[in-house]
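Trainee: Just structure_25.tsv, nothing more (TSV, C-alpha atoms):
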```tsv
chain	number	residue	atom	x	y	z
A	22	MET	CA	104.30	98.35	87.76
A	23	ARG	CA	103.91	96.23	90.87
A	24	VAL	CA	101.80	93.11	91.37
A	25	THR	CA	100.68	92.35	94.93
A	26	GLU	CA	101.10	88.87	96.36
A	27	SER	CA	97.33	88.21	96.20
A	28	ALA	CA	97.18	89.27	92.54
A	29	GLY	CA	100.28	87.22	91.75
A	30	SER	CA	98.76	84.15	93.37
A	31	LYS	CA	95.56	84.52	91.33
A	32	VAL	CA	97.50	85.13	88.10
A	33	ARG	CA	99.62	82.00	88.68
A	34	ALA	CA	96.46	79.94	89.23
A	35	LEU	CA	94.89	81.34	86.04
A	36	ILE	CA	98.08	80.73	84.02
A	37	GLU	CA	98.02	77.11	85.10
A	38	ARG	CA	94.30	76.71	84.41
A	39	GLU	CA	94.15	78.56	81.07
A	40	ASN	CA	97.42	77.18	79.63
A	41	GLN	CA	97.73	80.13	77.20
A	42	GLY	CA	101.27	81.15	78.15
A	43	ASP	CA	103.46	81.92	81.14
A	44	PHE	CA	103.35	85.72	80.84
A	45	LEU	CA	100.63	88.17	81.83
A	46	ARG	CA	100.31	90.89	79.20
A	47	ILE	CA	98.82	94.18	80.36
A	48	ALA	CA	97.77	96.67	77.70
A	49	ILE	CA	95.97	99.99	77.64
A	50	THR	CA	93.40	100.44	74.89
A	51	GLY	CA	90.90	103.12	73.96
A	52	GLY	CA	87.44	102.52	75.36
A	53	GLY	CA	85.46	102.36	78.54
A	54	CYS	CA	83.49	105.17	80.11
A	55	ASN	CA	86.62	107.25	80.82
A	56	GLY	CA	88.47	106.83	77.53
A	57	LEU	CA	91.16	104.23	78.35
A	58	SER	CA	90.80	100.71	79.66
A	59	TYR	CA	93.03	97.93	80.94
A	60	LYS	CA	93.30	94.67	79.01
A	61	LEU	CA	94.76	91.51	80.56
A	62	LYS	CA	95.65	88.37	78.63
A	63	PHE	CA	98.20	85.59	78.73
A	64	ALA	CA	101.08	85.36	76.27
A	65	PRO	CA	103.41	82.49	75.45
A	66	GLU	CA	106.42	84.76	74.89
A	67	PRO	CA	107.46	88.42	74.79
A	68	LYS	CA	107.18	90.46	71.60
A	69	LYS	CA	110.00	92.62	70.29
A	70	GLY	CA	110.13	95.83	72.33
A	71	ASP	CA	108.19	94.45	75.32
A	72	ILE	CA	109.20	95.45	78.81
A	73	LEU	CA	109.36	92.53	81.24
A	74	VAL	CA	108.50	93.17	84.88
A	75	ARG	CA	108.77	90.43	87.49
A	76	SER	CA	106.61	91.19	90.48
A	77	GLY	CA	104.36	89.25	92.84
A	78	GLY	CA	105.81	85.99	91.56
A	79	VAL	CA	104.67	86.54	87.96
A	80	ALA	CA	106.20	87.81	84.74
A	81	VAL	CA	104.31	90.80	83.32
A	82	LEU	CA	104.75	92.09	79.77
A	83	VAL	CA	103.91	95.63	78.69
A	84	ASP	CA	104.64	97.45	75.45
A	85	ALA	CA	106.48	100.77	75.55
A	86	ARG	CA	103.33	102.88	75.01
A	87	THR	CA	101.43	101.11	77.77
A	88	ALA	CA	104.39	101.47	80.14
A	89	LEU	CA	103.94	105.27	80.06
A	90	TYR	CA	100.43	104.91	81.51
A	91	LEU	CA	101.36	102.22	84.06
A	92	LYS	CA	104.32	103.87	85.79
A	93	GLY	CA	103.79	103.44	89.53
A	94	THR	CA	100.64	101.33	89.08
A	95	VAL	CA	99.77	98.51	91.49
A	96	LEU	CA	97.71	95.49	90.43
A	97	ASP	CA	95.84	93.88	93.32
A	98	TYR	CA	93.26	91.11	93.61
A	99	SER	CA	90.36	90.60	95.99
A	100	SER	CA	88.22	87.46	96.20
A	101	GLN	CA	85.28	89.30	97.80
A	102	LEU	CA	81.90	88.69	96.18
A	103	ILE	CA	81.14	92.41	96.05
A	104	ALA	CA	83.77	94.64	94.44
A	105	GLY	CA	86.14	91.68	94.05
A	106	GLY	CA	88.49	90.84	91.19
A	107	PHE	CA	91.59	92.55	89.83
A	108	LYS	CA	91.98	96.22	90.75
A	109	PHE	CA	94.43	98.74	89.34
A	110	THR	CA	95.67	101.60	91.50
A	111	ASN	CA	97.14	103.99	88.96
A	112	PRO	CA	98.70	107.25	90.20
A	113	ASN	CA	98.64	108.61	86.62
A	114	ALA	CA	94.84	108.43	86.32
A	115	LYS	CA	93.07	111.77	86.65
A	116	ALA	CA	89.67	110.08	86.74
A	117	SER	CA	88.39	106.52	86.76
A	118	CYS	CA	85.02	104.84	86.56
A	119	SER	CA	83.39	103.30	89.60
A	120	CYS	CA	84.16	99.76	88.44
A	121	GLY	CA	87.87	100.58	88.07
A	122	GLU	CA	88.12	99.19	84.55
A	123	SER	CA	88.65	102.46	82.71
A	124	PHE	CA	90.44	105.73	83.39
A	125	SER	CA	91.58	108.99	81.87
A	126	VAL	CA	94.85	110.88	82.11
```
Write the structure described by the file as structure tokens, please.

Mentor:
Amino acid sequence: MRVTESAGSKVRALIERENQGDFLRIAITGGGCNGLSYKLKFAPEPKKGDILVRSGGVAVLVDARTALYLKGTVLDYSSQLIAGGFKFTNPNAKASCSCGESFSV
């Protein structure tokens, strides 16, 4: 899992604004038009069994199951009005939806 500098900068700004914790938790859940979707939230501390990744100037937490789906994934951020926001580039995804929020393996 790698976080680009632009994504890291946006995450740091959101951490400061939201004040929900200093860690970004990334999880994979069932749902979306392709079966699996990414969930982002802030966490105050790691849970038992979490994997901590420091990248792009942020601390990212993933559970062991999610880590299997995220191996080699890059999280980027674009501030463009059209097609902007956080984008995952996941080499494990066999298919993804046009919005980039769900995928299948």

Trainee: Using all atoms listed in the file, pick whichever of A:Leu102, A:Glu66, A:Ser27, A:Ser58 has the shortest atom-to-atom distance to Ala80 in chain A.

Mentor: A:Glu66

Trainee: When you draw a straight line from CA of Val74 in chain A to CA of Gly51 in chain A, how long is it in Å?

Mentor: 23.0 Å

Trainee: Can you work out which one of A:Leu91, A:Leu96, A:Leu35, A:Val24 has the shortest atom-to-atom distance to Pro112 in chain A, counting all atoms listed in the file?

Mentor: A:Leu91

Trainee: Distance CA of Ser76 in chain A-CA of Ala114 in chain A, one decimal place?

Mentor: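 Atom-to-atom, CA of Ser76 in chain A and CA of Ala114 in chain A are spaced 21.3 Å apart.
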
Trainee: What residues have an atom no more than 9 Å from (97.9, 99.5, 94.6) in the file's own frame, counting all atoms listed in the file, and can you write them as a count of residues only?

Mentor: 13

Trainee: Provide an axis-aligned box for all listed atoms of range 92-111 of chain A, padding each side by 4 Å; report its centre and its edge lengths in Å to one decimal, as JSON.

Mentor:
```
{"center_x": 92.7, "center_y": 95.7, "center_z": 91.8, "size_x": 31.2, "size_y": 24.5, "size_z": 20.0}
```

Trainee: So, with only C-alpha atoms as the atoms that count, which of A:Phe44, A:Thr87, A:Ala104, A:Lys69 lies closest to Leu57 in chain A?

Mentor: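 Nearest to Leu57 in chain A: A:Thr87.
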
Trainee: Please measure the separation of CA of Val79 in chain A and CA of Phe63 in chain A, giving the value in Å to one decimal.

Mentor: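 According to the coordinates, CA of Val79 in chain A and CA of Phe63 in chain A are separated by 11.3 Å.
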
Trainee: Of the residues A:Lys31, A:Leu82, A:Ser100, A:Glu26, which is the one nearest to Arg46 in chain A, using all atoms listed in the file?

Mentor: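 The shortest atom-to-atom distance to Arg46 in chain A comes from A:Leu82.
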
Trainee: Looking at all atoms listed in the file, which of A:Asn40, A:Asn113, A:Ser30, A:Thr50 is the one that sits closest to Leu89 in chain A?

Mentor: A:Asn113
